[in-house]
$ cat start_36.cif   # mmCIF, C-alpha atoms and all ligand atoms
data_run
#
loop_
_atom_site.label_atom_id
_atom_site.label_comp_id
_atom_site.auth_asym_id
_atom_site.auth_seq_id
_atom_site.Cartn_x
_atom_site.Cartn_y
_atom_site.Cartn_z
CA MET A 241 191.31 39.99 -19.59
CA PRO A 242 193.98 42.70 -19.28
CA ASP A 243 192.93 46.27 -18.47
CA VAL A 244 191.65 48.23 -21.42
CA PHE A 245 192.07 52.01 -21.37
CA ILE A 246 189.72 53.83 -23.72
CA LEU A 247 189.99 57.53 -24.50
CA GLY A 248 186.48 58.94 -25.03
CA ILE A 249 185.77 62.13 -26.99
CA GLU A 250 182.42 63.95 -27.00
CA SER A 251 181.43 67.12 -28.91
CA SER A 252 177.78 66.66 -29.89
CA CYS A 253 176.41 69.86 -28.38
CA ASP A 254 177.94 72.58 -26.20
CA GLU A 255 180.46 70.61 -24.15
CA THR A 256 183.91 69.64 -25.41
CA ALA A 257 184.82 66.58 -23.39
CA ALA A 258 187.48 63.89 -23.13
CA ALA A 259 187.94 61.12 -20.58
CA VAL A 260 189.85 57.93 -19.92
CA VAL A 261 187.92 54.92 -18.58
CA ARG A 262 189.42 51.58 -17.58
CA SER A 263 187.58 48.49 -18.84
CA GLY A 264 184.16 50.17 -18.74
CA GLU A 265 184.23 50.21 -14.97
CA GLN A 266 186.57 52.83 -13.64
CA LEU A 267 186.69 56.52 -14.36
CA ILE A 268 190.35 57.51 -14.59
CA SER A 269 190.02 61.08 -15.84
CA ASN A 270 187.14 63.27 -16.95
CA VAL A 271 187.55 66.71 -18.52
CA VAL A 272 184.54 68.78 -19.57
CA TYR A 273 184.96 72.20 -21.13
CA SER A 274 181.55 73.85 -21.00
CA GLN A 275 180.63 76.57 -23.48
CA ILE A 276 177.89 78.01 -21.24
CA ALA A 277 179.52 81.45 -21.15
CA THR A 278 179.60 81.58 -24.98
CA HIS A 279 175.91 80.75 -25.44
CA GLN A 280 174.55 82.54 -22.35
CA PRO A 281 173.93 85.90 -24.07
CA PHE A 282 171.76 84.10 -26.66
CA GLY A 283 169.76 82.04 -24.14
CA GLY A 284 170.43 78.86 -26.13
CA VAL A 285 173.12 76.99 -28.05
CA VAL A 286 174.23 78.74 -31.26
CA PRO A 287 175.46 75.92 -33.54
CA GLU A 288 178.13 77.92 -35.39
CA LEU A 289 179.61 79.19 -32.15
CA ALA A 290 179.55 75.66 -30.72
CA SER A 291 181.64 74.32 -33.63
CA ARG A 292 184.13 77.14 -33.29
CA GLU A 293 184.51 76.57 -29.56
CA HIS A 294 184.98 72.81 -30.07
CA LEU A 295 187.76 73.54 -32.56
CA ARG A 296 189.50 75.71 -30.01
CA ALA A 297 189.08 73.33 -27.10
CA ILE A 298 189.48 69.84 -28.49
CA VAL A 299 193.28 69.56 -28.45
CA PRO A 300 193.84 70.94 -24.92
CA VAL A 301 190.86 69.01 -23.52
CA VAL A 302 192.13 65.67 -24.85
CA ARG A 303 195.66 66.45 -23.72
CA LYS A 304 194.40 67.26 -20.21
CA ALA A 305 192.34 64.05 -20.01
CA LEU A 306 195.40 61.97 -20.92
CA GLU A 307 197.62 63.93 -18.54
CA ASP A 308 195.18 63.54 -15.62
CA ALA A 309 195.06 59.81 -16.34
CA GLY A 310 198.85 59.49 -16.49
CA LYS A 311 198.49 58.21 -20.05
CA SER A 312 199.99 59.16 -23.39
CA TYR A 313 198.54 58.91 -26.91
CA GLN A 314 200.54 55.68 -27.28
CA THR A 315 199.45 53.96 -24.07
CA ILE A 316 195.69 54.04 -24.60
CA ASP A 317 194.07 50.99 -26.22
CA ALA A 318 191.37 52.66 -28.32
CA VAL A 319 189.74 55.98 -29.17
CA ALA A 320 185.95 56.25 -28.81
CA VAL A 321 183.95 59.12 -30.23
CA THR A 322 180.35 60.31 -30.41
CA GLN A 323 179.04 59.77 -33.93
CA GLY A 324 175.58 61.28 -33.29
CA PRO A 325 172.92 62.40 -32.66
CA GLY A 326 173.72 66.08 -32.15
CA LEU A 327 174.66 69.24 -34.01
CA ALA A 328 176.29 68.27 -37.32
CA GLY A 329 179.12 70.82 -37.21
CA ALA A 330 179.84 70.14 -33.54
CA LEU A 331 179.92 66.36 -34.03
CA LEU A 332 182.25 66.76 -36.98
CA VAL A 333 184.94 68.44 -34.89
CA GLY A 334 185.21 65.59 -32.37
CA LEU A 335 184.83 62.90 -35.01
CA SER A 336 187.47 64.28 -37.40
CA TYR A 337 189.87 64.77 -34.53
CA ALA A 338 189.29 61.25 -33.16
CA LYS A 339 189.70 59.71 -36.60
CA ALA A 340 192.97 61.51 -37.23
CA LEU A 341 194.27 60.66 -33.76
CA ALA A 342 193.38 56.96 -34.02
CA TYR A 343 195.01 56.80 -37.44
CA ALA A 344 198.17 58.58 -36.31
CA VAL A 345 198.72 56.47 -33.20
CA GLU A 346 197.47 53.26 -34.85
CA LYS A 347 194.71 52.55 -32.34
CA PRO A 348 191.24 51.25 -33.13
CA LEU A 349 188.42 53.78 -33.40
CA ILE A 350 184.99 53.07 -31.88
CA ALA A 351 181.86 55.01 -32.84
CA VAL A 352 179.34 55.58 -30.05
CA ASN A 353 175.75 56.81 -30.09
CA HIS A 354 175.37 59.74 -27.67
CA LEU A 355 172.19 58.27 -26.13
CA GLU A 356 173.89 54.93 -25.55
CA GLY A 357 176.59 56.96 -23.82
CA HIS A 358 174.07 58.50 -21.40
CA ILE A 359 172.82 55.00 -20.52
CA HIS A 360 176.36 53.73 -19.92
CA ALA A 361 177.12 56.66 -17.61
CA VAL A 362 174.85 54.96 -15.07
CA LEU A 363 176.30 51.51 -15.70
CA LEU A 364 179.87 52.79 -15.34
CA GLU A 365 179.15 54.33 -11.95
CA GLU A 366 177.23 51.32 -10.68
CA ARG A 367 180.15 49.03 -11.62
CA GLN A 368 182.45 51.47 -9.91
CA LYS A 369 180.35 50.99 -6.75
CA ASP A 370 180.69 47.25 -7.33
CA ASN A 371 177.03 46.84 -8.21
CA ARG A 372 177.20 44.32 -11.06
CA GLU A 373 173.88 42.61 -10.51
CA LEU A 374 171.72 44.67 -12.82
CA GLN A 375 168.43 42.82 -13.40
CA PHE A 376 167.12 42.75 -16.97
CA PRO A 377 164.94 43.80 -18.68
CA VAL A 378 166.04 47.37 -18.05
CA LEU A 379 164.06 50.47 -18.99
CA ALA A 380 166.15 53.62 -19.52
CA LEU A 381 164.75 57.15 -19.58
CA VAL A 382 167.20 59.43 -21.41
CA VAL A 383 166.07 62.97 -20.71
CA SER A 384 168.16 65.96 -21.74
CA GLY A 385 168.13 69.21 -23.69
CA GLY A 386 167.89 67.35 -26.98
CA HIS A 387 166.14 64.10 -26.07
CA THR A 388 163.32 62.51 -24.12
CA HIS A 389 163.45 58.82 -24.89
CA LEU A 390 162.45 55.53 -23.28
CA PHE A 391 164.55 52.52 -24.29
CA LEU A 392 164.11 48.90 -23.38
CA VAL A 393 167.69 47.75 -22.88
CA GLU A 394 168.80 44.20 -23.48
CA ARG A 395 172.16 42.53 -23.33
CA LYS A 396 173.54 39.37 -24.86
CA GLN A 397 177.15 38.97 -23.76
CA ASP A 398 178.95 42.00 -25.20
CA SER A 399 176.13 43.01 -27.47
CA TRP A 400 173.69 45.61 -26.16
CA THR A 401 170.44 46.39 -27.94
CA TYR A 402 167.98 49.23 -27.40
CA HIS A 403 164.34 49.23 -28.34
CA ASP A 404 162.58 52.59 -28.53
CA VAL A 405 159.33 52.26 -26.56
CA GLY A 406 158.53 55.98 -26.28
CA HIS A 407 159.85 59.41 -27.12
CA THR A 408 158.83 63.04 -27.29
CA ARG A 409 156.70 64.03 -30.24
CA ASP A 410 158.00 67.59 -30.14
CA ASP A 411 160.31 69.34 -27.63
CA ALA A 412 162.67 67.57 -25.24
CA ALA A 413 161.97 68.06 -21.52
CA GLY A 414 165.27 69.93 -21.02
CA GLU A 415 164.38 72.25 -23.88
CA ALA A 416 161.15 73.13 -22.04
CA PHE A 417 163.17 73.99 -18.90
CA ASP A 418 165.50 76.16 -21.00
CA LYS A 419 162.71 77.95 -22.87
CA VAL A 420 160.62 78.65 -19.78
CA ALA A 421 163.66 80.06 -17.97
CA LYS A 422 164.44 82.21 -21.00
CA LEU A 423 160.87 83.53 -21.20
CA LEU A 424 160.91 84.41 -17.49
CA GLU A 425 164.47 85.86 -17.66
CA LEU A 426 165.84 83.36 -15.13
CA GLY A 427 169.19 82.58 -16.74
CA TYR A 428 170.79 79.96 -18.94
CA PRO A 429 170.81 76.97 -18.91
CA GLY A 430 167.28 76.87 -17.58
CA GLY A 431 167.26 73.46 -15.91
CA PRO A 432 169.55 74.20 -12.97
CA ALA A 433 167.94 77.66 -12.56
CA VAL A 434 164.39 76.27 -12.38
CA ASP A 435 165.58 73.43 -10.13
CA PHE A 436 166.95 75.93 -7.61
CA LEU A 437 164.13 78.50 -7.75
CA SER A 438 161.41 75.84 -7.54
CA ARG A 439 162.43 75.09 -3.98
CA HIS A 440 161.17 78.57 -3.08
CA GLY A 441 157.79 78.34 -4.82
CA ASN A 442 154.50 76.51 -4.35
CA PRO A 443 154.31 73.60 -6.83
CA GLU A 444 150.53 73.33 -6.31
CA ALA A 445 149.86 76.94 -7.33
CA VAL A 446 149.15 76.33 -11.03
CA LYS A 447 147.89 73.11 -12.61
CA PHE A 448 149.27 72.07 -16.00
CA PRO A 449 147.58 68.93 -17.26
CA PHE A 450 149.38 66.62 -19.70
CA ALA A 451 147.66 64.58 -22.34
CA GLN A 452 148.17 60.83 -22.59
CA ILE A 453 149.50 60.32 -26.09
CA LYS A 454 148.00 57.16 -27.44
CA HIS A 455 147.49 57.96 -31.12
CA ARG A 456 150.04 56.80 -33.68
CA ASP A 457 152.86 59.11 -34.67
CA ARG A 458 152.01 60.88 -37.93
CA ASN A 459 155.56 60.41 -39.15
CA PRO A 460 155.69 56.88 -40.67
CA GLN A 461 159.42 56.72 -39.86
CA ASN A 462 158.56 56.85 -36.18
CA ARG A 463 155.99 54.03 -36.25
CA HIS A 464 156.70 50.76 -34.52
CA SER A 465 155.17 47.31 -34.59
CA ASP A 466 153.98 47.51 -30.98
CA ASP A 467 152.59 51.05 -31.17
CA GLU A 468 149.79 50.31 -28.71
CA ARG A 469 152.30 49.80 -25.89
CA ARG A 470 154.18 52.99 -26.61
CA VAL A 471 154.28 55.81 -24.08
CA ASP A 472 155.11 59.07 -25.80
CA PHE A 473 155.78 62.54 -24.41
CA SER A 474 155.04 66.10 -25.52
CA TYR A 475 156.50 69.26 -24.03
CA SER A 476 155.64 72.04 -26.44
CA GLY A 477 152.15 72.49 -24.93
CA ILE A 478 153.36 73.40 -21.47
CA LYS A 479 155.65 76.03 -22.93
CA THR A 480 152.67 77.68 -24.63
CA ALA A 481 150.60 77.33 -21.44
CA ILE A 482 153.30 79.20 -19.50
CA LEU A 483 153.40 81.91 -22.15
CA ARG A 484 149.62 82.27 -21.91
CA TYR A 485 149.81 82.39 -18.11
CA VAL A 486 152.40 85.17 -18.32
CA GLU A 487 150.14 87.18 -20.65
CA THR A 488 146.89 86.66 -18.73
CA HIS A 489 148.49 87.38 -15.35
CA ASN A 490 150.28 90.51 -16.50
CA MET A 491 153.73 89.21 -15.66
CA ARG A 492 155.52 91.06 -18.47
CA GLU A 493 156.34 94.03 -16.26
CA ALA A 494 157.89 91.83 -13.54
CA ILE A 495 160.01 90.07 -16.20
CA ALA A 496 161.20 93.38 -17.65
CA GLU A 497 161.94 94.55 -14.12
CA ARG A 498 164.13 91.49 -13.51
CA ARG A 499 166.03 92.07 -16.74
CA ARG A 500 166.66 95.69 -15.74
CA ALA A 501 167.75 94.75 -12.23
CA LEU A 502 170.36 92.32 -13.60
CA THR A 503 171.62 94.48 -16.48
CA GLY A 504 175.38 94.85 -16.26
CA ASN A 505 175.73 91.65 -14.25
CA ALA A 506 177.22 89.20 -16.77
CA THR A 507 176.83 86.12 -14.59
CA PRO A 508 174.20 86.59 -11.90
CA SER A 509 174.24 83.92 -9.19
CA ARG A 510 171.23 81.76 -8.33
CA GLU A 511 170.70 83.83 -5.18
CA GLU A 512 170.69 87.04 -7.24
CA TYR A 513 168.00 85.59 -9.50
CA LEU A 514 166.06 84.54 -6.41
CA ALA A 515 166.29 88.04 -4.95
CA VAL A 516 164.62 89.51 -8.06
CA SER A 517 161.93 86.83 -8.42
CA ASP A 518 158.48 87.61 -7.04
CA ARG A 519 156.14 85.03 -5.49
CA GLN A 520 154.10 84.63 -8.68
CA THR A 521 157.24 83.75 -10.69
CA LEU A 522 158.50 81.30 -8.06
CA ASP A 523 155.09 79.61 -7.86
CA LEU A 524 154.94 79.39 -11.64
CA VAL A 525 158.36 77.73 -12.04
CA ALA A 526 157.69 75.35 -9.14
CA SER A 527 154.36 74.36 -10.73
CA PHE A 528 156.00 73.93 -14.13
CA GLN A 529 158.70 71.69 -12.69
CA ARG A 530 156.15 69.64 -10.71
CA ALA A 531 154.08 69.10 -13.88
CA VAL A 532 157.07 67.98 -15.98
CA VAL A 533 158.43 65.74 -13.23
CA ASP A 534 155.03 64.09 -12.64
CA ASP A 535 154.65 63.50 -16.37
CA LEU A 536 158.16 62.02 -16.78
CA VAL A 537 157.85 59.78 -13.74
CA GLY A 538 154.24 58.74 -14.40
CA LYS A 539 154.87 57.81 -18.04
CA THR A 540 158.13 56.00 -17.28
CA LEU A 541 156.41 53.89 -14.62
CA LEU A 542 153.55 53.21 -17.01
CA ALA A 543 156.04 51.94 -19.63
CA ALA A 544 157.82 49.92 -16.93
CA ARG A 545 154.54 48.13 -16.19
CA GLU A 546 153.67 47.65 -19.89
CA HIS A 547 157.03 45.98 -20.48
CA SER A 548 157.39 44.27 -17.08
CA VAL A 549 160.88 45.62 -16.50
CA ALA A 550 163.05 44.78 -13.51
CA THR A 551 165.23 47.91 -13.34
CA LEU A 552 164.96 51.61 -14.17
CA LEU A 553 167.79 53.89 -15.30
CA VAL A 554 167.27 57.66 -15.49
CA THR A 555 169.97 59.64 -17.25
CA GLY A 556 170.76 62.77 -19.31
CA GLY A 557 171.02 66.42 -18.22
CA VAL A 558 167.52 66.62 -16.72
CA ALA A 559 168.35 63.58 -14.53
CA ALA A 560 170.35 66.11 -12.47
CA ASN A 561 167.02 67.61 -11.33
CA SER A 562 166.47 67.22 -7.58
CA GLU A 563 162.69 66.88 -7.68
CA LEU A 564 162.91 64.33 -10.52
CA ARG A 565 165.36 62.24 -8.48
CA GLU A 566 163.27 62.42 -5.31
CA THR A 567 160.01 61.63 -7.07
CA PHE A 568 161.50 58.71 -9.00
CA ALA A 569 163.13 57.30 -5.89
CA LYS A 570 159.85 57.45 -3.96
CA ARG A 571 157.44 56.22 -6.65
CA ALA A 572 159.71 53.49 -8.02
CA ALA A 573 160.22 52.21 -4.47
CA GLU A 574 156.43 52.00 -4.07
CA GLU A 575 156.40 49.71 -7.12
CA GLY A 576 159.38 47.71 -5.87
CA LEU A 577 161.54 48.83 -8.79
CA PRO A 578 165.21 49.71 -8.29
CA VAL A 579 166.08 53.02 -9.99
CA TYR A 580 169.60 54.23 -10.74
CA PHE A 581 170.88 57.68 -11.72
CA PRO A 582 174.34 58.89 -12.69
CA SER A 583 176.05 61.31 -10.32
CA ARG A 584 175.20 64.90 -11.25
CA LYS A 585 178.59 65.27 -12.93
CA LEU A 586 177.89 62.37 -15.31
CA SER A 587 174.22 63.30 -15.88
CA THR A 588 175.07 66.11 -18.27
CA ASP A 589 177.25 65.63 -21.34
CA ASN A 590 180.69 64.13 -20.75
CA ALA A 591 183.10 61.77 -22.49
CA ALA A 592 183.41 59.17 -19.71
CA MET A 593 180.04 57.83 -20.81
CA ILE A 594 181.33 57.54 -24.38
CA ALA A 595 184.43 55.61 -23.29
CA ALA A 596 182.28 53.35 -21.08
CA ALA A 597 179.78 52.58 -23.86
CA ALA A 598 182.69 51.75 -26.17
CA TYR A 599 184.08 48.99 -23.95
CA PRO A 600 181.63 46.20 -24.96
CA ARG A 601 182.24 47.18 -28.60
CA PHE A 602 185.98 46.89 -28.01
CA LEU A 603 185.47 43.37 -26.61
CA ALA A 604 183.30 42.47 -29.59
CA ASP A 605 185.84 43.88 -32.08
CA GLU A 606 183.27 46.37 -33.35
CA PHE A 607 185.55 49.00 -34.76
CA ALA A 608 184.67 51.92 -37.02
CA GLU A 609 185.54 51.98 -40.69
CA ALA A 610 187.87 54.62 -42.08
CA GLU A 611 184.86 56.20 -43.86
CA LEU A 612 183.00 56.83 -40.58
CA SER A 613 181.05 60.08 -40.76
CA ALA A 614 179.04 62.09 -38.26
CA ASP A 615 175.28 61.48 -38.23
CA ALA A 616 173.23 64.31 -36.69
CA GLY A 617 170.08 62.17 -36.64
CA LEU A 618 171.66 58.85 -35.61
CA ARG A 619 169.12 56.46 -34.07
CA LEU A 620 169.77 54.09 -31.22
CA ARG A 621 168.74 50.47 -31.63
O1 LIG B 1 172.63 65.87 -21.42
P1 LIG B 1 172.84 67.34 -21.61
O2 LIG B 1 174.07 67.95 -21.00
O3 LIG B 1 172.88 67.70 -23.14
C1 LIG B 1 172.05 67.11 -24.10
O4 LIG B 1 172.38 65.95 -24.54
O5 LIG B 1 171.02 67.75 -24.42
O6 LIG B 1 171.52 68.06 -21.08
C2 LIG B 1 171.40 69.46 -21.00
C3 LIG B 1 169.98 69.78 -20.54
C4 LIG B 1 169.64 71.26 -20.59
O7 LIG B 1 168.37 71.42 -21.20
C5 LIG B 1 169.60 71.67 -19.12
O8 LIG B 1 168.72 72.75 -18.86
C6 LIG B 1 169.12 70.38 -18.48
O9 LIG B 1 169.79 69.36 -19.18
N1 LIG B 1 169.46 70.33 -17.05
C7 LIG B 1 168.53 70.28 -16.07
C8 LIG B 1 169.24 70.30 -14.84
N2 LIG B 1 170.57 70.35 -15.12
C9 LIG B 1 170.68 70.36 -16.49
N3 LIG B 1 167.18 70.23 -16.12
C10 LIG B 1 166.51 70.21 -14.96
N4 LIG B 1 167.11 70.25 -13.75
C11 LIG B 1 168.45 70.30 -13.64
N5 LIG B 1 169.04 70.35 -12.43
ZN ZN B 2 173.43 64.53 -23.84
#
$ encode --input "start_36.cif" --output "structure tokens" --more "lines below"
Ligand code: KG4
Ligand code: ZN
Amino acid sequence: MPDVFILGIESSCDETAAAVVRSGEQLISNVVYSQIATHQPFGGVVPELASREHLRAIVPVVRKALEDAGKSYQTIDAVAVTQGPGLAGALLVGLSYAKALAYAVEKPLIAVNHLEGHIHAVLLEERQKDNRELQFPVLALVVSGGHTHLFLVERKQDSWTYHDVGHTRDDAAGEAFDKVAKLLELGYPGGPAVDFLSRHGNPEAVKFPFAQIKHRDRNPQNRHSDDERRVDFSYSGIKTAILRYVETHNMREAIAERRRALTGNATPSREEYLAVSDRQTLDLVASFQRAVVDDLVGKTLLAAREHSVATLLVTGGVAANSELRETFAKRAAEEGLPVYFPSRKLSTDNAAMIAAAAYPRFLADEFAEAELSADAGLRLR
């Protein structure tokens, strides 16, 4: 099989990204334009601003990815693009651009599910390390700002299938990190901020219990035939618990103090946040992170046992979290389960994962129709 160079394009949320990947196994170039500075003042992604920023960035980002790869529009073999899930307006920018480009240069277009992309980020890097002996069945935890999902991954030649065996009933885990950081005035995005500050707090200081979710999902669309083996998540409760803790422990003044201390500093560093965080705040974030990590790891291992899997993959923005990585590595090892993560760079949104996920589709001639449209609620199966 000759080398296949796929140009990946990703614009589902707040990163405009393009990358070139060779035959699903080698990262050739990877350009990510992050909109963090645009959304920072709002403490969260503003969809209209995201679309506008994608429009501005898409052409130069793709051009740079091709340039870094020493490729031209004509010398790539296919264009892959995120079809969904994500923000409708944001997805539309990448998708319209990819469609027009593929049409103009007469290359096939491949539609990729963003969550499948996150899973293939791990596979790409493992192949790059020459680890091709992945044992199936595989259980993948995709945990990011928009998703907390457990998929049973199967593969028959070039056809990959994904079976949803658990997901969050409300907020995504990354969303909880972002909202807690926003409430405590610790910066945006919240995940990396909490990750850093937690190292300076006592994770045993506050206990946040999580419920085991065993009842059926009230939404009939979300019901599955093997509901009794499902392991679902819920992260809106802990957010409320933190809010209550802040109120009952009179932390409002300390939060206001922190805001005042950092006024006029557009981009405070992690150390500057640390310098204005009191013990109570540090203990609270460390305890929050410990609770979320224990819940993610515990439930993933429970699902791994329920489905007798041979390998674990952990991916998505929250997979960049140090405590999550350490805890998974330790507890999976105790159960004799190999666990793989993407590098931190490929944990958060990027287009290399989109190009990698497109490769088996390229081999199977699964190309998108000219009518392809973005699907904000696209499911992975
Ligand atoms: O995968 P991603 O870039 O975008 C989505 O598909 O949502 O994930 C972004 C999310 C944000 O919620 C961010 O706070 C979280 O990942 N995140 C982290 C860390 N780095 C990013 N959460 C915890 N610890 C981190 N180190
Ligand atoms: Zn993502």
$ residues_near_ligand --input "start_36.cif" --ligand "ligand LIG 1 (chain B)" --cutoff "8 Å" --atoms "all atoms listed in the file" --output "short mmCIF file (atom, residue, chain, number, x, y, z; two decimals) with C-alpha atoms, in the frame of the given file"
data_model
loop_
_atom_site.label_atom_id
_atom_site.label_comp_id
_atom_site.auth_asym_id
_atom_site.auth_seq_id
_atom_site.Cartn_x
_atom_site.Cartn_y
_atom_site.Cartn_z
CA SER A 252 177.78 66.66 -29.89
CA CYS A 253 176.41 69.86 -28.38
CA ASP A 254 177.94 72.58 -26.20
CA GLU A 255 180.46 70.61 -24.15
CA GLY A 326 173.72 66.08 -32.15
CA HIS A 354 175.37 59.74 -27.67
CA LEU A 355 172.19 58.27 -26.13
CA HIS A 358 174.07 58.50 -21.40
CA VAL A 383 166.07 62.97 -20.71
CA SER A 384 168.16 65.96 -21.74
CA GLY A 385 168.13 69.21 -23.69
CA GLY A 386 167.89 67.35 -26.98
CA HIS A 387 166.14 64.10 -26.07
CA ALA A 412 162.67 67.57 -25.24
CA ALA A 413 161.97 68.06 -21.52
CA GLY A 414 165.27 69.93 -21.02
CA GLU A 415 164.38 72.25 -23.88
CA ALA A 416 161.15 73.13 -22.04
CA PHE A 417 163.17 73.99 -18.90
CA ASP A 418 165.50 76.16 -21.00
CA TYR A 428 170.79 79.96 -18.94
CA PRO A 429 170.81 76.97 -18.91
CA GLY A 430 167.28 76.87 -17.58
CA GLY A 431 167.26 73.46 -15.91
CA PRO A 432 169.55 74.20 -12.97
CA ALA A 433 167.94 77.66 -12.56
CA VAL A 434 164.39 76.27 -12.38
CA ASP A 435 165.58 73.43 -10.13
CA PHE A 436 166.95 75.93 -7.61
CA THR A 555 169.97 59.64 -17.25
CA GLY A 556 170.76 62.77 -19.31
CA GLY A 557 171.02 66.42 -18.22
CA VAL A 558 167.52 66.62 -16.72
CA ALA A 559 168.35 63.58 -14.53
CA ALA A 560 170.35 66.11 -12.47
CA ASN A 561 167.02 67.61 -11.33
CA SER A 562 166.47 67.22 -7.58
CA LEU A 564 162.91 64.33 -10.52
CA SER A 587 174.22 63.30 -15.88
CA THR A 588 175.07 66.11 -18.27
CA ASP A 589 177.25 65.63 -21.34
CA ASN A 590 180.69 64.13 -20.75
#
$ residues_around --input "start_36.cif" --residues "Ala614 of chain A" --least-positions-apart "6" --cutoff "7 Å" --atoms "all atoms listed in the file" --output "mmCIF file with C-alpha atoms, in the frame of the given file"
data_model
loop_
_atom_site.group_PDB
_atom_site.id
_atom_site.type_symbol
_atom_site.label_atom_id
_atom_site.label_comp_id
_atom_site.auth_asym_id
_atom_site.auth_seq_id
_atom_site.Cartn_x
_atom_site.Cartn_y
_atom_site.Cartn_z
ATOM 1 C CA GLN A 323 179.040 59.770 -33.930
ATOM 2 C CA GLY A 324 175.580 61.280 -33.290
ATOM 3 C CA ALA A 328 176.290 68.270 -37.320
ATOM 4 C CA LEU A 331 179.920 66.360 -34.030
ATOM 5 C CA LEU A 332 182.250 66.760 -36.980
ATOM 6 C CA LEU A 335 184.830 62.900 -35.010
#
$ residues_around --input "start_36.cif" --residues "Gln280 of chain A" --least-positions-apart "4" --cutoff "9 Å" --atoms "all atoms listed in the file" --output "list in words"
Gln275, Ile276, Gly284, Val285, Gly427, Tyr428, Pro429 and Thr507 of chain A
$ write_last_selection --input "start_36.cif" --atoms "C-alpha atoms" --output "short mmCIF file (atom, residue, chain, number, x, y, z; two decimals), in the coordinates of the input"
data_model
loop_
_atom_site.label_atom_id
_atom_site.label_comp_id
_atom_site.auth_asym_id
_atom_site.auth_seq_id
_atom_site.Cartn_x
_atom_site.Cartn_y
_atom_site.Cartn_z
CA GLN A 275 180.63 76.57 -23.48
CA ILE A 276 177.89 78.01 -21.24
CA GLY A 284 170.43 78.86 -26.13
CA VAL A 285 173.12 76.99 -28.05
CA GLY A 427 169.19 82.58 -16.74
CA TYR A 428 170.79 79.96 -18.94
CA PRO A 429 170.81 76.97 -18.91
CA THR A 507 176.83 86.12 -14.59
#
$ closest_residue --input "start_36.cif" --among "A:Ala481, A:Ala572, A:Ala591, A:Ala608" --to "ligand ZN 2 (chain B)" --atoms "all atoms listed in the file"
A:Ala591
$ atom_distance --input "start_36.cif" --atom1 "atom CA of Gln375 of chain A" --atom2 "atom CA of Ala259 of chain A"
27.7 Å
$ residues_around --input "start_36.cif" --residues "Glu512 of chain A" --least-positions-apart "3" --cutoff "12 Å" --atoms "all atoms listed in the file" --output "list of chain:residue names"
A:Leu426, A:Gly427, A:Ala433, A:Phe436, A:Leu437, A:Arg498, A:Arg499, A:Ala501, A:Leu502, A:Thr503, A:Asn505, A:Ala506, A:Thr507, A:Pro508, A:Ser509, A:Ala515, A:Val516, A:Ser517
$ residues_around --input "start_36.cif" --residues "Pro325 of chain A" --least-positions-apart "3" --cutoff "6 Å" --atoms "all atoms listed in the file" --output "list of chain:residue names"
A:Ala616, A:Gly617, A:Leu618
$ closest_residue --input "start_36.cif" --among "A:Phe376, A:Phe282, A:Tyr313, A:Phe450" --to "Lys419 of chain A" --atoms "only C-alpha atoms"
A:Phe282
$ closest_residue --input "start_36.cif" --among "A:Ala305, A:Ala340, A:Pro600, A:Ala277" --to "Gln397 of chain A" --atoms "only C-alpha atoms"
A:Pro600
$ atom_distance --input "start_36.cif" --atom1 "atom CA of Lys304 of chain A" --atom2 "atom CA of Glu356 of chain A"
24.5 Å
$ atom_distance --input "start_36.cif" --atom1 "atom CA of Glu609 of chain A" --atom2 "atom CA of Ala290 of chain A"
26.4 Å
$ closest_residue --input "start_36.cif" --among "A:Gln266, A:Thr322, A:Thr408, A:Ser583" --to "ligand ZN 2 (chain B)" --atoms "only C-alpha atoms and all ligand atoms"
A:Thr322
$ closest_residue --input "start_36.cif" --among "A:Ala445, A:Ala526, A:Leu327, A:Ala320" --to "ligand ZN 2 (chain B)" --atoms "all atoms listed in the file"
A:Leu327
$ closest_residue --input "start_36.cif" --among "A:Pro582, A:Pro281, A:Gly357, A:Gly310" --to "ligand ZN 2 (chain B)" --atoms "all atoms listed in the file"
A:Gly357
